[in-house]
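**Student:** Next up, upload36.txt (compact mmCIF, C-alpha atoms).
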# COMPACT_ATOMS: atom_id res chain seq x y z
CA MET A 1 0.00 0.00 0.00
CA ALA A 2 2.94 2.27 0.65
CA GLY A 3 3.86 2.35 -3.06
CA ILE A 4 0.41 3.46 -4.25
CA PRO A 5 -0.02 7.21 -4.70
CA LEU A 6 -2.54 8.93 -2.39
CA GLU A 7 -4.43 10.41 -5.39
CA THR A 8 -5.10 6.91 -6.79
CA LEU A 9 -6.49 5.65 -3.49
CA THR A 10 -8.80 8.67 -3.24
CA GLU A 11 -10.17 8.16 -6.78
CA GLU A 12 -10.81 4.45 -6.17
CA SER A 13 -12.64 5.20 -2.90
CA GLN A 14 -14.91 7.77 -4.58
CA SER A 15 -15.66 5.48 -7.52
CA ARG A 16 -17.02 2.78 -5.18
CA HIS A 17 -19.73 5.19 -3.95
CA VAL A 18 -20.89 6.51 -7.33
CA LEU A 19 -24.00 4.69 -8.67
CA PRO A 20 -24.44 4.19 -12.39
CA ALA A 21 -26.66 6.83 -14.06
CA SER A 22 -29.00 4.16 -15.44
CA PHE A 23 -29.66 2.77 -11.95
CA GLU A 24 -30.55 6.21 -10.63
CA ALA A 25 -32.94 6.79 -13.54
CA LYS A 26 -34.70 3.47 -12.92
CA SER A 27 -35.08 4.22 -9.22
CA LEU A 28 -36.55 7.63 -9.99
CA GLN A 29 -38.94 6.10 -12.53
CA LYS A 30 -40.16 3.52 -10.01
CA SER A 31 -40.67 6.25 -7.43
CA ASN A 32 -42.73 8.32 -9.88
CA TRP A 33 -44.88 5.30 -10.74
CA GLY A 34 -45.44 4.68 -7.04
CA PHE A 35 -46.69 8.21 -6.49
CA PHE A 36 -48.89 7.97 -9.61
CA LEU A 37 -50.49 4.68 -8.54
CA THR A 38 -51.06 5.96 -5.01
CA GLY A 39 -52.73 9.08 -6.36
CA LEU A 40 -54.82 7.06 -8.82
CA VAL A 41 -56.10 4.68 -6.13
CA GLY A 42 -56.78 7.54 -3.73
CA GLY A 43 -58.63 9.54 -6.37
CA THR A 44 -60.72 6.53 -7.36
CA LEU A 45 -61.75 5.90 -3.76
CA VAL A 46 -62.75 9.54 -3.32
CA ALA A 47 -64.80 9.45 -6.53
CA VAL A 48 -66.57 6.24 -5.52
CA TYR A 49 -67.33 7.69 -2.10
CA ALA A 50 -68.70 10.90 -3.64
CA VAL A 51 -70.98 9.00 -6.02
CA ALA A 52 -72.13 6.31 -3.60
CA THR A 53 -72.74 8.44 -0.51
CA PRO A 54 -75.96 10.11 -1.74
CA PHE A 55 -77.38 6.66 -2.49
CA ILE A 56 -76.24 5.01 0.74
CA THR A 57 -77.05 7.83 3.17
CA PRO A 58 -80.86 7.67 2.77
CA ALA A 59 -80.71 3.95 3.52
CA LEU A 60 -79.07 4.72 6.86
CA ARG A 61 -81.92 6.97 7.97
CA LYS A 62 -84.58 5.87 10.41
CA VAL A 63 -87.21 5.99 7.66
CA CYS A 64 -85.73 4.78 4.40
CA LEU A 65 -87.14 5.94 1.05
CA PRO A 66 -85.05 4.02 -1.51
CA PHE A 67 -84.92 4.90 -5.18
CA VAL A 68 -86.93 2.45 -7.29
CA PRO A 69 -87.80 3.74 -10.78
CA ALA A 70 -91.51 3.99 -11.57
CA THR A 71 -92.75 1.59 -14.22
CA THR A 72 -94.47 2.82 -17.36
CA LYS A 73 -97.77 1.40 -16.09
CA GLN A 74 -97.42 3.18 -12.74
CA ILE A 75 -96.91 6.49 -14.52
CA GLU A 76 -99.98 5.84 -16.69
CA ASN A 77 -102.05 5.07 -13.57
CA VAL A 78 -100.87 8.25 -11.83
CA VAL A 79 -101.76 10.33 -14.89
CA LYS A 80 -105.19 8.64 -14.92
CA MET A 81 -105.75 9.76 -11.32
CA LEU A 82 -104.89 13.32 -12.35
CA GLN A 83 -107.56 13.56 -15.02
CA CYS A 84 -109.86 16.54 -14.51
CA ARG A 85 -107.51 17.85 -11.83
CA ARG A 86 -105.97 21.32 -11.80
CA GLY A 87 -103.39 23.19 -9.78
CA SER A 88 -99.80 22.42 -8.87
CA LEU A 89 -98.31 18.99 -8.26
CA VAL A 90 -95.51 17.71 -6.06
CA ASP A 91 -93.77 14.35 -6.17
CA ILE A 92 -92.35 13.45 -2.75
CA GLY A 93 -89.10 11.58 -3.33
CA SER A 94 -89.07 12.27 -7.06
CA GLY A 95 -86.19 9.93 -7.92
CA ASP A 96 -85.21 10.35 -11.57
CA GLY A 97 -88.11 12.74 -12.24
CA ARG A 98 -90.39 10.52 -14.33
CA ILE A 99 -93.63 11.44 -12.55
CA VAL A 100 -92.87 15.16 -12.48
CA ILE A 101 -91.99 15.21 -16.18
CA ALA A 102 -95.11 13.20 -17.09
CA ALA A 103 -97.28 15.62 -15.09
CA ALA A 104 -95.62 18.63 -16.72
CA LYS A 105 -96.46 17.17 -20.13
CA GLU A 106 -100.10 17.00 -18.99
CA GLY A 107 -100.06 20.73 -18.26
CA PHE A 108 -99.31 20.73 -14.53
CA THR A 109 -96.78 22.95 -12.84
CA ALA A 110 -94.87 20.12 -11.21
CA VAL A 111 -92.20 20.02 -8.52
CA GLY A 112 -90.08 17.15 -7.25
CA TYR A 113 -88.28 16.94 -3.91
CA GLU A 114 -85.42 14.46 -3.71
CA LEU A 115 -82.62 13.97 -1.19
CA ASN A 116 -80.15 12.47 -3.68
CA PRO A 117 -78.37 15.31 -5.56
CA TRP A 118 -77.30 13.05 -8.45
CA LEU A 119 -80.93 12.15 -9.14
CA VAL A 120 -81.98 15.80 -8.95
CA TRP A 121 -79.33 16.85 -11.46
CA TYR A 122 -80.31 14.01 -13.76
CA SER A 123 -84.00 14.96 -13.45
CA ARG A 124 -83.25 18.55 -14.41
CA TYR A 125 -81.31 17.38 -17.43
CA HIS A 126 -84.10 14.95 -18.40
CA ALA A 127 -86.71 17.73 -18.09
CA TRP A 128 -84.60 19.92 -20.35
CA ARG A 129 -84.28 17.10 -22.90
CA GLU A 130 -88.07 16.61 -22.83
CA GLY A 131 -88.71 20.32 -23.27
CA VAL A 132 -90.60 20.82 -19.98
CA HIS A 133 -87.88 22.39 -17.83
CA GLY A 134 -90.03 25.53 -17.52
CA SER A 135 -92.84 23.67 -15.73
CA ALA A 136 -90.90 20.81 -14.09
CA LYS A 137 -88.67 21.85 -11.20
CA PHE A 138 -86.54 19.72 -8.90
CA TYR A 139 -85.07 20.51 -5.50
CA ILE A 140 -82.66 18.76 -3.15
CA SER A 141 -84.52 18.51 0.15
CA ASP A 142 -85.63 16.20 2.94
CA LEU A 143 -89.39 15.66 2.60
CA TRP A 144 -89.88 16.11 6.36
CA LYS A 145 -88.52 19.65 6.10
CA VAL A 146 -90.87 20.71 3.30
CA THR A 147 -94.37 22.15 3.74
CA PHE A 148 -96.84 20.89 1.12
CA SER A 149 -99.72 23.31 1.79
CA GLN A 150 -99.26 25.08 -1.56
CA TYR A 151 -99.81 21.93 -3.65
CA SER A 152 -103.16 20.66 -4.93
CA ASN A 153 -101.86 17.25 -5.99
CA VAL A 154 -99.35 15.13 -4.08
CA VAL A 155 -97.72 11.96 -5.40
CA ILE A 156 -95.77 9.60 -3.15
CA PHE A 157 -93.89 6.37 -3.82
CA GLY A 158 -93.46 5.49 -0.16
CA VAL A 159 -92.60 2.55 2.05
CA PRO A 160 -94.81 1.16 4.86
CA GLN A 161 -92.53 2.51 7.62
CA MET A 162 -93.17 6.13 6.61
CA MET A 163 -96.82 6.13 5.54
CA LEU A 164 -98.37 6.73 8.97
CA GLN A 165 -96.09 9.68 9.75
CA LEU A 166 -96.63 11.15 6.29
CA GLU A 167 -100.38 10.65 6.64
CA LYS A 168 -100.40 12.87 9.74
CA LYS A 169 -98.19 15.50 8.09
CA LEU A 170 -100.39 15.78 5.00
CA GLU A 171 -103.59 15.94 7.07
CA LEU A 172 -102.23 19.00 8.83
CA GLU A 173 -100.86 20.77 5.76
CA LEU A 174 -103.08 20.15 2.72
CA ALA A 175 -106.11 22.18 1.66
CA ASP A 176 -109.51 20.48 1.46
CA ASP A 177 -109.44 20.35 -2.35
CA ALA A 178 -106.10 18.54 -2.48
CA ARG A 179 -105.61 14.99 -3.74
CA VAL A 180 -102.94 12.56 -2.54
CA ILE A 181 -101.87 9.75 -4.90
CA ALA A 182 -100.00 6.83 -3.35
CA CYS A 183 -98.07 4.26 -5.38
CA ARG A 184 -96.98 0.75 -4.32
CA PHE A 185 -98.24 1.12 -0.71
CA PRO A 186 -101.53 2.66 0.53
CA PHE A 187 -101.92 4.89 3.55
CA PRO A 188 -102.78 2.93 6.72
CA HIS A 189 -105.89 4.80 7.91
CA TRP A 190 -107.29 6.66 4.93
CA THR A 191 -109.97 5.13 2.70
CA PRO A 192 -109.13 5.72 -0.96
CA ASP A 193 -111.62 7.52 -3.18
CA HIS A 194 -110.26 5.80 -6.29
CA VAL A 195 -108.06 2.77 -6.97
CA THR A 196 -106.56 1.71 -10.29
CA GLY A 197 -104.03 -0.89 -11.45
CA GLU A 198 -102.96 -4.11 -9.81
CA GLY A 199 -99.92 -5.58 -8.09
CA ILE A 200 -96.94 -3.22 -7.87
CA ASP A 201 -98.66 -0.90 -10.34
CA THR A 202 -101.62 -0.22 -8.01
CA VAL A 203 -102.33 3.46 -7.39
CA TRP A 204 -104.59 4.84 -4.63
CA ALA A 205 -106.13 8.33 -4.75
CA TYR A 206 -107.23 10.09 -1.56
CA ASP A 207 -109.14 13.37 -1.51
CA ALA A 208 -108.40 15.61 1.47
CA SER A 209 -112.08 16.43 1.92
CA THR A 210 -112.71 12.70 2.43
CA PHE A 211 -109.95 11.82 4.88
CA ARG A 212 -110.61 15.00 6.86
CA GLY A 213 -114.20 13.85 7.31
CA ARG A 214 -113.00 10.74 9.16
CA GLU A 215 -112.71 10.67 12.94
CA LYS A 216 -109.44 12.20 13.98
CA ARG A 217 -106.92 9.94 15.65
CA PRO A 218 -105.58 10.90 19.11
Just give me the structure of the file as structure tokens.
**Tutor:**
Amino acid sequence: MAGIPLETLTEESQSRHVLPASFEAKSLQKSNWGFFLTGLVGGTLVAVYAVATPFITPALRKVCLPFVPATTKQIENVVKMLQCRRGSLVDIGSGDGRIVIAAAKEGFTAVGYELNPWLVWYSRYHAWREGVHGSAKFYISDLWKVTFSQYSNVVIFGVPQMMLQLEKKLELELADDARVIACRFPFPHWTPDHVTGEGIDTVWAYDASTFRGREKRP
């Protein structure tokens, strides 16, 4: 070792610690791919959460009103119950807006209340495509926070767990000339004035003047 110049030893020592340029490039490329994949997975999870939450959240409520599209026959039966009727219409839990749009085509000023924002935005777009966006309006709202006193016609695709509570709410709020149209499930205490359809397409119509004439429940 004594015969080797100091400069040579220094150069050899430094060369052992210098990584090839190609190795550094590959390491940097792998690191970039790792960040990209992490960001992609994270972004996908956020997007799925954003889309799914409005659909899942209503199901977690005490009274669940799930989205089930109305059949063509159900819409026809609702329209039949609206014959000779006038005034404004509201669809409680309007889903994708089919009932509201059908009513607007029949000349009604129709409004839909829906908790799911994706369905509301789709309904607005659908109303625009059908040319009735001027008379078919949709709002993001919880039905229990809305007052229905200004509507002459009320349509509801409900579930049994909510019908009793909604029955009491509508009795308090609606005018005597109002009509309530229930699809899939009837109200528990009211006697319908008209019934049409069968099976899942059955529609019940209740006139406020009739159910107000019944004995009030405690």
**Student:** As an exercise, work out the distance from CA of Lys169 in chain A to CA of His133 in chain A in Å and give it to one decimal place.
**Tutor:**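 That distance, rounded to one decimal, is 28.7 Å.
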**Student:** Pull the closest atom pair for each residue of range 129-163 of chain A that gets at most 10 Å from range 94-99 of chain A, along with the distance in Å to one decimal, counting only C-alpha atoms, ordering rows by chain and then ascending residue number, as JSON lines.
**Tutor:**
{"residue": "A:Ala136", "atom": "CA", "partner": "A:Gly97", "partner_atom": "CA", "distance": 8.7}
{"residue": "A:Lys137", "atom": "CA", "partner": "A:Gly97", "partner_atom": "CA", "distance": 9.2}
{"residue": "A:Phe138", "atom": "CA", "partner": "A:Gly97", "partner_atom": "CA", "distance": 7.9}
{"residue": "A:Tyr139", "atom": "CA", "partner": "A:Ser94", "partner_atom": "CA", "distance": 9.3}
{"residue": "A:Ile140", "atom": "CA", "partner": "A:Ser94", "partner_atom": "CA", "distance": 9.9}
{"residue": "A:Val155", "atom": "CA", "partner": "A:Ile99", "partner_atom": "CA", "distance": 8.3}
{"residue": "A:Ile156", "atom": "CA", "partner": "A:Ser94", "partner_atom": "CA", "distance": 8.2}
{"residue": "A:Phe157", "atom": "CA", "partner": "A:Ser94", "partner_atom": "CA", "distance": 8.3}
**Student:** Tell me which of A:Val195, A:Phe211, A:Trp121, A:Asp142 sits closest to Glu167 in chain A, counting all atoms listed in the file.
**Tutor:**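 Closest residue, counting all atoms listed in the file: A:Phe211.
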**Student:** Between A:Leu170, A:Cys183, A:Ala205, A:Ala70, which is the closest to Ser149 in chain A once you count only C-alpha atoms?
**Tutor:**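 Of A:Leu170, A:Cys183, A:Ala205, A:Ala70, the one nearest Ser149 in chain A, counting only C-alpha atoms, is A:Leu170.
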**Student:** In Å, with one decimal, what is the gap from CA of Glu114 in chain A to CA of Lys145 in chain A?
**Tutor:**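 CA of Lys145 in chain A lies 11.5 Å from CA of Glu114 in chain A.
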**Student:** CA of Asn77 in chain A to CA of Glu106 in chain A: how many Å, to one decimal?
**Tutor:**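 CA of Glu106 in chain A lies 13.2 Å from CA of Asn77 in chain A.
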**Student:** Between A:Ala182, A:Thr202, A:Gln150, A:Trp144, which one has atoms that come closest to Gln165 in chain A, using all atoms listed in the file?
**Tutor:**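 Under the stated criterion, the closest residue is A:Trp144.
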**Student:** Give the answer as one residue: which of A:Leu143, A:Ala104, A:Leu115, A:Val79 has the shortest atom-to-atom distance to Ala127 in chain A, using only C-alpha atoms?
**Tutor:**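 Using only C-alpha atoms, Ala127 in chain A sits closest to A:Ala104.
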**Student:** Closest to Ala175 in chain A among A:Asp193, A:Asp207, A:Asp91, A:Glu130, using only C-alpha atoms?
**Tutor:**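 Smallest distance to Ala175 in chain A is found for A:Asp207.
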**Student:** For a quick check of understanding, using only C-alpha atoms, which of A:Ser123, A:Glu171, A:Val203, A:Arg85 has the smallest distance to Gly158 in chain A?
**Tutor:**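 Smallest separation from Gly158 in chain A among the options: A:Val203.
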**Student:** So that I can see what lies close to Val90 in chain A, please list as a ChimeraX atom specification the residues with an atom at most 9 Å from it, counting only C-alpha atoms and leaving out residues fewer than 4 positions away in the same chain.
**Tutor:** /A:94,100,109-113,148,151-156
**Student:** For Val132 in chain A, work out the shell of residues within 9 Å, counting only C-alpha atoms and skipping chain neighbours fewer than 6 positions away, then give it as a list in words.
**Tutor:**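 Within the cut-off, the hits are Ile101, Ala104, Lys105 and His126 of chain A.
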